[in-house]
file start-v3.txt (compact mmCIF, C-alpha atoms and all ligand atoms)
# COMPACT_ATOMS: atom_id res chain seq x y z
CA PRO A 1 49.76 -36.72 260.28
CA GLU A 2 50.21 -39.76 262.48
CA ALA A 3 52.89 -42.11 261.21
CA ILE A 4 53.91 -44.97 263.44
CA THR A 5 54.35 -45.82 267.13
CA VAL A 6 57.79 -46.65 268.41
CA GLN A 7 56.60 -50.15 269.33
CA GLU A 8 55.21 -50.78 265.86
CA LEU A 9 58.36 -49.46 264.27
CA ALA A 10 60.34 -51.93 266.38
CA ASN A 11 58.01 -54.78 265.42
CA ARG A 12 58.35 -54.01 261.72
CA MET A 13 62.12 -54.18 261.99
CA ALA A 14 62.03 -57.20 264.29
CA ALA A 15 64.06 -55.10 266.72
CA ARG A 16 63.62 -54.66 270.48
CA GLY A 17 61.54 -51.64 271.50
CA GLY A 18 64.23 -50.53 273.89
CA GLU A 19 66.79 -50.46 271.08
CA VAL A 20 64.56 -48.18 269.04
CA VAL A 21 64.01 -45.88 272.02
CA LYS A 22 67.80 -45.74 272.45
CA ALA A 23 68.36 -44.96 268.77
CA LEU A 24 65.81 -42.17 268.98
CA PHE A 25 67.53 -40.87 272.10
CA ARG A 26 70.84 -40.71 270.24
CA MET A 27 69.04 -38.66 267.58
CA GLY A 28 67.80 -36.29 270.25
CA VAL A 29 64.23 -37.55 270.25
CA MET A 30 62.68 -38.58 273.58
CA ALA A 31 59.92 -41.07 272.97
CA THR A 32 58.31 -43.97 274.80
CA LEU A 33 57.13 -47.18 273.17
CA THR A 34 53.54 -46.02 272.81
CA GLN A 35 54.39 -42.64 271.39
CA THR A 36 54.00 -41.84 267.73
CA ILE A 37 56.86 -40.49 265.68
CA ASP A 38 56.57 -38.87 262.30
CA ALA A 39 57.56 -40.52 259.04
CA ASP A 40 60.79 -38.53 258.63
CA THR A 41 62.05 -39.56 262.07
CA ALA A 42 60.97 -43.15 261.50
CA GLU A 43 62.87 -43.19 258.24
CA LEU A 44 66.06 -42.11 259.98
CA VAL A 45 65.67 -44.81 262.62
CA VAL A 46 65.08 -47.45 259.97
CA GLN A 47 68.24 -46.45 258.18
CA GLU A 48 70.08 -46.56 261.51
CA PHE A 49 69.04 -50.20 261.75
CA GLY A 50 70.37 -50.87 258.26
CA HIS A 51 67.02 -51.38 256.55
CA ARG A 52 65.69 -49.76 253.46
CA VAL A 53 62.67 -47.53 253.67
CA ARG A 54 59.77 -47.28 251.35
CA ARG A 55 57.68 -44.14 251.61
CA VAL A 56 54.23 -45.12 250.46
CA SER A 57 53.18 -41.51 250.73
CA GLU A 58 54.44 -38.42 252.52
CA SER A 59 53.20 -39.68 255.87
CA ASP A 60 53.52 -43.40 255.33
CA VAL A 61 56.50 -45.58 256.00
CA GLU A 62 56.96 -49.17 255.05
CA LEU A 63 60.06 -50.84 256.23
CA GLY A 64 62.91 -52.96 255.07
CA LEU A 65 60.94 -55.10 252.66
CA GLU A 66 63.76 -56.01 250.40
CA GLY A 67 66.92 -55.66 252.37
CA ALA A 68 70.00 -53.87 251.19
CA ALA A 69 70.16 -51.42 248.31
CA ASP A 70 71.69 -52.68 245.09
CA GLU A 71 75.39 -52.36 244.50
CA ASP A 72 76.35 -50.78 241.20
CA THR A 73 78.06 -54.00 240.14
CA ASP A 74 74.79 -55.96 240.58
CA LEU A 75 72.99 -53.85 238.01
CA GLN A 76 72.39 -55.34 234.58
CA PRO A 77 70.93 -53.64 231.50
CA ARG A 78 67.18 -54.07 231.26
CA PRO A 79 64.70 -53.39 228.43
CA PRO A 80 62.98 -50.00 228.32
CA VAL A 81 59.34 -49.71 229.36
CA VAL A 82 57.50 -47.52 226.87
CA THR A 83 54.01 -46.11 227.28
CA ILE A 84 52.09 -45.25 224.14
CA MET A 85 49.92 -42.18 224.68
CA GLY A 86 47.90 -39.87 222.51
CA HIS A 87 44.47 -38.63 221.56
CA VAL A 88 41.56 -40.99 220.90
CA ASP A 89 41.76 -42.72 217.51
CA HIS A 90 45.19 -41.35 216.68
CA GLY A 91 46.38 -44.94 216.26
CA LYS A 92 47.98 -46.04 219.54
CA THR A 93 46.69 -49.58 219.40
CA SER A 94 47.31 -49.88 215.66
CA LEU A 95 50.88 -48.76 216.17
CA LEU A 96 51.40 -51.20 219.00
CA ASP A 97 49.88 -53.96 216.90
CA ALA A 98 52.14 -53.15 214.02
CA LEU A 99 55.12 -53.19 216.35
CA ARG A 100 54.29 -56.58 217.76
CA LYS A 101 52.99 -57.87 214.43
CA ALA A 102 49.87 -59.18 216.04
CA ASP A 103 46.34 -57.99 215.71
CA VAL A 104 45.01 -57.07 219.09
CA ALA A 105 42.75 -54.28 217.84
CA ALA A 106 40.77 -56.76 215.78
CA HIS A 107 39.83 -58.60 218.97
CA GLU A 108 38.91 -55.54 220.96
CA ALA A 109 35.22 -54.86 221.38
CA GLY A 110 34.36 -52.00 219.05
CA GLY A 111 38.03 -51.33 218.32
CA ILE A 112 38.39 -49.34 221.53
CA THR A 113 41.06 -50.35 224.01
CA GLN A 114 39.32 -52.02 226.93
CA HIS A 115 42.29 -52.51 229.22
CA ILE A 116 45.91 -51.66 229.61
CA GLY A 117 47.82 -54.12 227.57
CA ALA A 118 51.42 -54.69 228.44
CA TYR A 119 53.60 -56.59 226.05
CA GLN A 120 57.22 -57.26 225.46
CA VAL A 121 58.49 -57.45 221.91
CA ALA A 122 61.84 -58.50 220.53
CA VAL A 123 63.29 -55.81 218.29
CA PRO A 124 65.58 -56.15 215.26
CA ASP A 125 68.73 -54.99 217.11
CA GLY A 126 68.38 -58.04 219.34
CA GLY A 127 67.04 -56.14 222.30
CA LYS A 128 63.59 -56.08 223.82
CA VAL A 129 61.07 -53.34 224.44
CA THR A 130 58.14 -53.47 226.83
CA PHE A 131 55.10 -51.52 225.64
CA ILE A 132 52.16 -50.34 227.67
CA ASP A 133 48.99 -49.34 225.85
CA THR A 134 46.80 -47.07 227.96
CA PRO A 135 43.07 -46.65 227.56
CA GLY A 136 42.94 -42.88 227.72
CA HIS A 137 45.06 -41.63 230.54
CA ALA A 138 43.07 -42.70 233.57
CA ALA A 139 45.26 -45.68 234.41
CA PHE A 140 48.43 -43.69 233.94
CA THR A 141 47.07 -41.01 236.26
CA ALA A 142 46.05 -43.63 238.83
CA MET A 143 49.55 -45.06 238.80
CA ARG A 144 51.15 -41.68 239.14
CA SER A 145 48.90 -40.68 242.01
CA ARG A 146 50.09 -43.83 243.81
CA GLY A 147 53.64 -42.77 243.19
CA ALA A 148 54.35 -45.64 240.83
CA GLN A 149 56.87 -44.83 238.19
CA VAL A 150 56.34 -47.51 235.60
CA THR A 151 57.40 -46.04 232.31
CA ASP A 152 60.84 -45.02 231.12
CA MET A 153 59.58 -43.02 228.17
CA VAL A 154 56.41 -42.02 226.38
CA VAL A 155 55.73 -42.44 222.69
CA LEU A 156 53.28 -39.67 221.88
CA VAL A 157 51.13 -40.64 218.93
CA VAL A 158 49.77 -37.66 216.98
CA ALA A 159 47.66 -38.31 213.90
CA ALA A 160 48.92 -36.13 211.07
CA ASP A 161 45.38 -35.55 209.80
CA ASP A 162 44.07 -34.39 213.15
CA GLY A 163 47.02 -32.72 214.84
CA VAL A 164 47.49 -31.86 218.51
CA MET A 165 44.23 -32.48 220.37
CA PRO A 166 43.20 -32.16 224.05
CA GLN A 167 44.43 -35.62 225.04
CA THR A 168 47.68 -35.00 223.21
CA VAL A 169 48.24 -32.02 225.48
CA GLU A 170 47.21 -34.07 228.49
CA ALA A 171 49.78 -36.71 227.57
CA ILE A 172 52.48 -34.05 227.19
CA ASN A 173 51.62 -32.74 230.64
CA HIS A 174 51.67 -36.23 232.16
CA ALA A 175 55.07 -36.99 230.67
CA ARG A 176 56.39 -33.67 231.88
CA ALA A 177 55.00 -34.13 235.40
CA ALA A 178 56.53 -37.60 235.57
CA ASN A 179 59.80 -36.26 234.20
CA VAL A 180 59.77 -38.90 231.50
CA PRO A 181 61.28 -38.28 228.05
CA LEU A 182 58.99 -38.25 225.08
CA ILE A 183 59.29 -39.43 221.48
CA VAL A 184 56.80 -38.10 218.97
CA ALA A 185 55.30 -40.52 216.45
CA VAL A 186 53.44 -38.54 213.80
CA ASN A 187 51.05 -41.22 212.60
CA LYS A 188 48.84 -41.73 209.55
CA ILE A 189 51.33 -40.10 207.17
CA ASP A 190 50.00 -42.47 204.49
CA LYS A 191 46.81 -40.43 204.31
CA PRO A 192 46.66 -38.14 201.28
CA GLY A 193 47.10 -34.44 201.89
CA VAL A 194 48.32 -34.68 205.50
CA ASN A 195 50.74 -32.04 206.77
CA PRO A 196 53.24 -33.21 209.41
CA ASP A 197 54.72 -29.69 209.49
CA ARG A 198 51.53 -28.45 211.03
CA VAL A 199 51.88 -31.05 213.80
CA ARG A 200 55.43 -29.88 214.50
CA GLN A 201 54.23 -26.28 214.75
CA GLU A 202 51.38 -27.23 217.07
CA LEU A 203 53.78 -29.16 219.29
CA LEU A 204 55.98 -26.11 219.44
CA GLN A 205 53.12 -24.21 221.04
CA HIS A 206 53.32 -26.73 223.86
CA GLU A 207 57.08 -26.36 224.14
CA ILE A 208 57.84 -29.66 222.46
CA VAL A 209 60.64 -28.82 220.05
CA VAL A 210 61.38 -31.68 217.69
CA GLU A 211 64.85 -32.34 216.27
CA SER A 212 64.04 -31.08 212.78
CA LEU A 213 63.20 -27.71 214.34
CA GLY A 214 66.46 -27.69 216.28
CA GLY A 215 65.08 -29.21 219.47
CA GLU A 216 65.91 -32.35 221.40
CA THR A 217 62.72 -34.35 221.03
CA GLN A 218 63.02 -37.26 218.63
CA GLU A 219 60.24 -37.33 216.09
CA ILE A 220 59.41 -40.03 213.56
CA GLU A 221 56.78 -39.93 210.83
CA VAL A 222 55.03 -43.29 210.77
CA SER A 223 52.09 -45.16 209.42
CA ALA A 224 50.81 -47.90 211.66
CA THR A 225 48.57 -49.41 209.03
CA LYS A 226 51.03 -49.14 206.12
CA LYS A 227 53.94 -50.09 208.39
CA ILE A 228 56.08 -47.11 207.41
CA ASN A 229 59.16 -46.21 209.50
CA LEU A 230 58.41 -48.62 212.34
CA ASP A 231 62.09 -49.60 212.34
CA LYS A 232 63.00 -45.93 212.77
CA LEU A 233 60.65 -45.63 215.71
CA LEU A 234 62.24 -48.68 217.35
CA GLU A 235 65.66 -47.15 216.71
CA ALA A 236 64.56 -43.91 218.36
CA ILE A 237 63.37 -45.91 221.38
CA ALA A 238 66.65 -47.82 221.52
CA LEU A 239 68.62 -44.57 221.36
CA GLN A 240 66.57 -43.02 224.14
CA ALA A 241 67.01 -46.17 226.21
CA GLU A 242 70.75 -45.99 225.72
CA ILE A 243 70.81 -42.41 226.96
CA LEU A 244 68.80 -43.42 230.02
CA ASP A 245 71.18 -46.31 230.75
CA LEU A 246 68.43 -48.48 232.21
CA ARG A 247 69.61 -51.06 234.70
CA ALA A 248 68.22 -53.35 237.37
CA ASN A 249 69.52 -56.07 239.62
CA PRO A 250 67.99 -59.37 238.46
CA ALA A 251 69.49 -61.30 241.38
CA ARG A 252 67.19 -60.22 244.17
CA ALA A 253 63.60 -60.61 245.35
CA ALA A 254 61.21 -59.23 242.77
CA GLU A 255 59.53 -55.88 243.10
CA GLY A 256 57.33 -53.92 240.75
CA THR A 257 53.93 -52.45 240.00
CA VAL A 258 50.48 -53.83 239.28
CA ILE A 259 49.53 -52.79 235.73
CA GLU A 260 46.04 -54.24 235.67
CA SER A 261 43.98 -56.81 237.53
CA LYS A 262 40.72 -58.66 237.34
CA LEU A 263 38.70 -61.40 238.96
CA ASP A 264 38.59 -64.26 236.50
CA ARG A 265 35.74 -66.77 236.88
CA GLY A 266 37.93 -69.78 236.41
CA ARG A 267 41.32 -68.60 237.58
CA GLY A 268 40.42 -66.32 240.48
CA PRO A 269 42.29 -63.03 241.01
CA VAL A 270 44.63 -62.30 238.12
CA ALA A 271 47.08 -59.43 238.19
CA THR A 272 49.33 -58.21 235.41
CA VAL A 273 52.47 -56.97 237.07
CA LEU A 274 55.52 -55.29 235.70
CA VAL A 275 58.68 -56.64 237.29
CA GLN A 276 60.95 -53.65 237.88
CA LYS A 277 63.64 -55.12 240.10
CA GLY A 278 64.77 -58.64 240.75
CA THR A 279 63.40 -61.81 239.22
CA LEU A 280 59.92 -63.07 240.00
CA LYS A 281 59.74 -66.84 240.26
CA GLN A 282 56.88 -69.25 240.18
CA GLY A 283 56.22 -70.27 243.77
CA ASP A 284 57.33 -66.91 245.20
CA ILE A 285 55.27 -65.45 247.99
CA VAL A 286 54.23 -61.94 246.99
CA VAL A 287 52.31 -59.03 248.39
CA ALA A 288 50.47 -56.95 245.80
CA GLY A 289 48.79 -53.91 247.24
CA ALA A 290 47.08 -55.32 250.33
CA GLU A 291 46.63 -58.77 248.77
CA TRP A 292 49.08 -61.59 249.02
CA GLY A 293 49.61 -65.14 247.90
CA ARG A 294 51.94 -67.68 246.39
CA VAL A 295 52.51 -67.27 242.66
CA ARG A 296 50.74 -70.40 241.45
CA ALA A 297 51.32 -69.68 237.78
CA MET A 298 52.90 -66.98 235.71
CA LEU A 299 52.06 -66.19 232.07
CA ASP A 300 53.55 -63.82 229.53
CA ASP A 301 51.53 -61.72 227.07
CA LYS A 302 51.30 -64.66 224.68
CA GLY A 303 49.81 -66.87 227.37
CA ARG A 304 52.95 -68.95 227.80
CA GLN A 305 53.75 -70.34 231.24
CA LEU A 306 56.92 -68.95 232.73
CA LYS A 307 59.07 -70.13 235.62
CA GLU A 308 60.90 -66.80 235.94
CA ALA A 309 60.28 -63.18 235.03
CA PRO A 310 63.27 -60.80 234.87
CA PRO A 311 63.19 -56.96 235.15
CA SER A 312 60.96 -55.07 232.66
CA LEU A 313 58.85 -58.13 231.84
CA PRO A 314 55.09 -57.79 232.29
CA VAL A 315 53.48 -61.03 233.47
CA GLU A 316 50.10 -62.24 234.62
CA ILE A 317 50.24 -63.83 238.02
CA LEU A 318 47.74 -66.24 239.56
CA GLY A 319 47.41 -67.14 243.21
CA LEU A 320 46.65 -63.86 244.98
CA SER A 321 44.10 -63.69 247.79
CA GLY A 322 42.22 -60.85 246.09
CA VAL A 323 42.39 -58.28 243.33
CA PRO A 324 44.93 -55.48 243.84
CA SER A 325 44.50 -52.13 242.08
CA ALA A 326 46.51 -50.84 239.15
CA GLY A 327 49.44 -48.78 240.29
CA GLU A 328 49.91 -50.66 243.56
CA ASN A 329 53.29 -52.01 244.51
CA PHE A 330 54.08 -55.69 244.58
CA VAL A 331 57.03 -57.32 246.26
CA ALA A 332 58.23 -60.87 246.80
CA VAL A 333 58.91 -61.67 250.44
CA GLU A 334 60.68 -64.41 252.36
CA ASP A 335 57.68 -66.16 253.92
CA GLU A 336 53.95 -66.15 254.51
CA ALA A 337 54.25 -64.51 257.92
CA ARG A 338 55.97 -61.50 256.39
CA ALA A 339 53.41 -61.39 253.57
CA ARG A 340 50.55 -61.43 256.04
CA GLU A 341 52.20 -58.75 258.12
CA ILE A 342 52.69 -56.37 255.20
CA SER A 343 49.23 -57.09 253.88
CA GLU A 344 47.67 -56.29 257.26
CA PHE A 345 49.75 -53.14 257.53
CA ARG A 346 48.56 -51.98 254.13
CA GLN A 347 44.93 -52.89 254.88
CA ARG A 348 45.05 -50.88 258.06
CA LYS A 349 46.58 -47.93 256.20
CA ALA A 350 43.86 -48.17 253.57
CA ARG A 351 41.16 -48.23 256.25
CA GLU A 352 42.69 -45.24 257.98
CA LYS A 353 42.78 -43.36 254.72
CA SER A 354 39.21 -44.15 253.79
CA SER A 355 37.89 -43.23 257.23
CA ALA A 356 39.87 -39.99 257.06
CA ALA A 357 38.34 -39.40 253.64
CA ALA A 358 34.88 -40.15 255.04
CA VAL A 359 35.39 -37.61 257.81
CA ALA A 360 36.59 -35.05 255.29
CA GLY A 361 33.58 -35.90 253.13
CA ARG A 362 31.18 -35.33 256.02
CA GLY A 363 32.81 -32.00 256.67
CA THR A 364 32.21 -30.97 253.10
CA LEU A 365 28.62 -32.08 253.23
CA THR A 366 28.02 -30.18 256.47
CA ASP A 367 29.65 -27.12 254.94
CA MET A 368 27.39 -27.43 251.96
CA LEU A 369 24.26 -27.71 254.10
CA ALA A 370 25.25 -24.89 256.43
P1 LIG B 401 41.68 -45.50 221.31
O1 LIG B 401 42.27 -46.72 221.94
O2 LIG B 401 40.20 -45.61 221.08
O3 LIG B 401 42.07 -44.21 221.95
O4 LIG B 401 42.26 -45.39 219.77
P2 LIG B 401 43.74 -45.64 219.27
O5 LIG B 401 44.55 -44.43 219.45
O6 LIG B 401 44.26 -46.90 219.86
O7 LIG B 401 43.51 -45.80 217.70
P3 LIG B 401 43.37 -47.12 216.86
O8 LIG B 401 44.67 -47.82 216.76
O9 LIG B 401 42.22 -47.90 217.36
O10 LIG B 401 43.09 -46.49 215.44
C1 LIG B 401 41.98 -45.64 215.18
C2 LIG B 401 41.64 -45.67 213.70
O11 LIG B 401 42.71 -45.08 212.94
C3 LIG B 401 41.45 -47.06 213.13
O12 LIG B 401 40.39 -47.03 212.21
C4 LIG B 401 42.77 -47.34 212.42
O13 LIG B 401 42.64 -48.22 211.35
C5 LIG B 401 43.16 -45.97 211.93
N1 LIG B 401 44.62 -45.83 211.80
C6 LIG B 401 45.53 -46.08 212.75
N2 LIG B 401 46.78 -45.88 212.28
C7 LIG B 401 46.64 -45.48 210.99
C8 LIG B 401 47.57 -45.12 209.95
O14 LIG B 401 48.80 -45.13 210.12
N3 LIG B 401 47.05 -44.75 208.77
C9 LIG B 401 45.71 -44.74 208.52
N4 LIG B 401 45.30 -44.37 207.32
N5 LIG B 401 44.81 -45.09 209.46
C10 LIG B 401 45.27 -45.44 210.68
MG MG B 402 43.55 -48.08 221.47
call {"tool": "encode", "arguments": {"input": "start-v3.txt", "output": "structure tokens"}}
result
Amino acid sequence: PEAITVQELANRMAARGGEVVKALFRMGVMATLTQTIDADTAELVVQEFGHRVRRVSESDVELGLEGAADEDTDLQPRPPVVTIMGHVDHGKTSLLDALRKADVAAHEAGGITQHIGAYQVAVPDGGKVTFIDTPGHAAFTAMRSRGAQVTDMVVLVVAADDGVMPQTVEAINHARAANVPLIVAVNKIDKPGVNPDRVRQELLQHEIVVESLGGETQEIEVSATKKINLDKLLEAIALQAEILDLRANPARAAEGTVIESKLDRGRGPVATVLVQKGTLKQGDIVVAGAEWGRVRAMLDDKGRQLKEAPPSLPVEILGLSGVPSAGENFVAVEDEARAREISEFRQRKAREKSSAAAVAGRGTLTDMLA
């Protein structure tokens, strides 16, 4: 697949075309300015020029957005990002509510999660944990298909009275595919006659071996509604986070992933973003997906205005030109010109992809009619 012309590559790096041709020559590649080189070759050239490369997909290259890679000494501990997954009605939202001691479920239409909520809670050990509540697994899948790695671990909620169900298995498979560790929360243990042993056996059939059966997967019996063992669940999360040794450099331009977005009547495009690197500041110029803008205001999950958002904090941002999609990357850039440039690059890529998809679609239709 086509990647990038030598001239465009030079433009993106603000380098002279001739310099890029020379660099290619040194690598044994003969190419003129108008010729296209593949993503792998482009990546090598970019590194030659001392920039960092972002591979949007196998064939896509985006260049040097955020300058040098972080030094080890710049990295500071950051809170874990935890995604709560599990079968319908097994108590994901209730558990999250109990953990943040607020009642979100009560405000949800029909008690069903309408959106991905992302919240940060302070935990008893003094640390913080960021939770993401997924409506089913569609959003998680969308993020993964865009290559966004947002979560550090999954808390798999399994209702003790219902056991392992289809979406439980789906969640296990998602966590496995993303190579993300999993903690099992066996929920609803307050219900009379429930049998958590059965849940452990069912998990075993899906190669999840919990600690009490000699495995490595942490497992906590909880009740979201009766608030049983929530402290133990938080401890399990903290332990897992410690093992993962999660760090980020707060002292750089912010970068992260769009968690959700909407067009608000009064406020315009609103995106909830998870800051994964750097610190996002009010007034920053950001590109989110193919949209861009100056961060006019920034709010946390309690609706408080923030001036700064450090790594692992989910925040709502206002001021974008349009509504980006969940799972898309966002990055703070030095000026509007750069923002416009990246936005145009991404728009063009999106157009190319959709026209390629349209062509493929026509092919299928023709095949079907033939
Ligand atoms: P979806 O978002 O629709 O997939 O559901 P969910 O997994 O978020 O479940 P939710 O928290 O909405 O809970 C579903 C039902 O189970 C509600 O009626 C809760 O009150 C009930 N429930 C949740 N946790 C517990 C628990 O620990 N014990 C008991 N007895 N009931 C619970
Ligand atoms: Mg829910």
call {"tool": "closest_residue", "arguments": {"input": "start-v3.txt", "among": "A:Leu246, A:Met85, A:Val209, A:Val121", "to": "Ala185 in chain A", "atoms": "all atoms listed in the file"}}
result
A:Met85
call {"tool": "residues_near_point", "arguments": {"input": "start-v3.txt", "point": "(56.3, -52.5, 222.3)", "cutoff": "12 Å", "atoms": "all atoms listed in the file", "output": "PyMOL selection string"}}
result
chain A and resi 79-84+92-102+117-123+127-133+151+153-155+230-231+233-234+237-238+301+312-314
call {"tool": "axis_aligned_box", "arguments": {"input": "start-v3.txt", "around": "ligand LIG 401 (chain B)", "padding_each_side": "3 Å", "output": "JSON"}}
result
{"center_x": 44.5, "center_y": -46.2, "center_z": 214.6, "size_x": 14.6, "size_y": 10.0, "size_z": 20.6}
call {"tool": "residues_around", "arguments": {"input": "start-v3.txt", "residues": "Asn229 in chain A", "least_positions_apart": "3", "cutoff": "12 Å", "atoms": "only C-alpha atoms", "output": "ChimeraX atom specification"}}
result
/A:95,98-99,185-190,219-226,232-236
call {"tool": "residues_around", "arguments": {"input": "start-v3.txt", "residues": "Val331 in chain A", "least_positions_apart": "2", "cutoff": "6 Å", "atoms": "only C-alpha atoms", "output": "PyMOL selection string"}}
result
chain A and resi 254-255+286-287
call {"tool": "closest_residue", "arguments": {"input": "start-v3.txt", "among": "A:Thr168, A:Thr36, A:Gln240, A:Gln76", "to": "ligand LIG 401 (chain B)", "atoms": "all atoms listed in the file"}}
result
A:Thr168
call {"tool": "residues_around", "arguments": {"input": "start-v3.txt", "residues": "Val150 in chain A", "least_positions_apart": "6", "cutoff": "10 Å", "atoms": "all atoms listed in the file", "output": "NGL selection string"}}
result
:A and (81-83 or 132 or 140 or 143-144 or 178 or 256-259 or 274-276 or 312 or 327)
call {"tool": "atom_distance", "arguments": {"input": "start-v3.txt", "atom1": "CA of Thr5 in chain A", "atom2": "CA of Leu44 in chain A"}}
result
14.2 Å
call {"tool": "atom_distance", "arguments": {"input": "start-v3.txt", "atom1": "CA of Met27 in chain A", "atom2": "CA of Glu71 in chain A"}}
result
27.6 Å
call {"tool": "closest_residue", "arguments": {"input": "start-v3.txt", "among": "A:Gly86, A:Ala15, A:Ala39, A:Phe49", "to": "ligand MG 402 (chain B)", "atoms": "only C-alpha atoms and all ligand atoms"}}
result
A:Gly86
call {"tool": "atom_distance", "arguments": {"input": "start-v3.txt", "atom1": "CA of Ala309 in chain A", "atom2": "CA of Lys281 in chain A"}}
result
6.4 Å
call {"tool": "closest_residue", "arguments": {"input": "start-v3.txt", "among": "A:His90, A:Gln35, A:Ala326, A:Glu43", "to": "ligand MG 402 (chain B)", "atoms": "all atoms listed in the file"}}
result
A:His90
call {"tool": "closest_residue", "arguments": {"input": "start-v3.txt", "among": "A:Ser325, A:Asn179, A:Gln218, A:Gln47", "to": "Ser261 in chain A", "atoms": "only C-alpha atoms"}}
result
A:Ser325
call {"tool": "closest_residue", "arguments": {"input": "start-v3.txt", "among": "A:Leu156, A:Val6, A:Val169, A:Leu306", "to": "Thr217 in chain A", "atoms": "only C-alpha atoms"}}
result
A:Leu156
call {"tool": "residues_near_point", "arguments": {"input": "start-v3.txt", "point": "(53.6, -63.1, 251.4)", "cutoff": "6 Å", "atoms": "only C-alpha atoms", "output": "list in words"}}
result
Ile285, Val286, Val287, Trp292, Gly293, Val333, Asp335, Glu336, Arg338, Ala339 and Arg340 of chain A
call {"tool": "residues_around", "arguments": {"input": "start-v3.txt", "residues": "Ile317 in chain A", "least_positions_apart": "6", "cutoff": "6 Å", "atoms": "only C-alpha atoms", "output": "list of chain:residue names"}}
result
A:Val270, A:Ala271, A:Ala297, A:Met298
call {"tool": "decode", "arguments": {"input": "start-v3.txt", "residues": "range 346-351 of chain A", "atoms": "all heavy atoms", "output": "short mmCIF file (atom, residue, chain, number, x, y, z; two decimals), in the first residue's frame"}}
result
data_model
loop_
_atom_site.label_atom_id
_atom_site.label_comp_id
_atom_site.auth_asym_id
_atom_site.auth_seq_id
_atom_site.Cartn_x
_atom_site.Cartn_y
_atom_site.Cartn_z
N ARG A 346 -4.52 13.81 8.47
CA ARG A 346 -5.42 12.76 8.95
C ARG A 346 -6.71 12.71 8.15
O ARG A 346 -7.25 11.65 7.87
CB ARG A 346 -5.72 12.96 10.43
CG ARG A 346 -4.51 12.63 11.30
CD ARG A 346 -4.81 12.84 12.76
NE ARG A 346 -3.70 12.42 13.60
CZ ARG A 346 -3.71 12.50 14.93
NH1 ARG A 346 -4.76 12.98 15.56
NH2 ARG A 346 -2.67 12.09 15.62
N GLN A 347 -7.22 13.91 7.76
CA GLN A 347 -8.44 13.94 6.95
C GLN A 347 -8.22 13.26 5.61
O GLN A 347 -9.04 12.50 5.14
CB GLN A 347 -8.88 15.38 6.72
CG GLN A 347 -9.72 15.93 7.86
CD GLN A 347 -9.93 17.43 7.74
OE1 GLN A 347 -9.90 17.97 6.64
NE2 GLN A 347 -10.10 18.10 8.86
N ARG A 348 -7.05 13.55 5.04
CA ARG A 348 -6.75 12.96 3.74
C ARG A 348 -6.66 11.44 3.87
O ARG A 348 -7.17 10.70 3.07
CB ARG A 348 -5.45 13.53 3.18
CG ARG A 348 -5.21 13.13 1.71
CD ARG A 348 -4.24 14.04 1.10
NE ARG A 348 -3.45 14.41 2.21
CZ ARG A 348 -2.18 14.63 2.38
NH1 ARG A 348 -1.56 14.63 1.61
NH2 ARG A 348 -1.50 14.89 3.41
N LYS A 349 -5.98 11.00 4.93
CA LYS A 349 -5.85 9.56 5.18
C LYS A 349 -7.22 8.91 5.33
O LYS A 349 -7.47 7.84 4.80
CB LYS A 349 -5.02 9.30 6.45
CG LYS A 349 -3.55 9.53 6.26
CD LYS A 349 -2.94 8.38 5.47
CE LYS A 349 -1.62 8.83 4.85
NZ LYS A 349 -1.15 7.95 3.79
N ALA A 350 -8.10 9.61 6.06
CA ALA A 350 -9.44 9.06 6.29
C ALA A 350 -10.20 8.97 4.97
O ALA A 350 -10.88 7.99 4.70
CB ALA A 350 -10.20 9.93 7.29
N ARG A 351 -10.04 10.01 4.12
CA ARG A 351 -10.71 9.99 2.82
C ARG A 351 -10.19 8.85 1.97
O ARG A 351 -10.95 8.13 1.34
CB ARG A 351 -10.48 11.32 2.08
CG ARG A 351 -11.51 12.39 2.42
CD ARG A 351 -11.53 13.47 1.36
NE ARG A 351 -10.22 14.10 1.17
CZ ARG A 351 -9.77 15.12 1.91
NH1 ARG A 351 -10.50 15.60 2.87
NH2 ARG A 351 -8.59 15.63 1.67
#
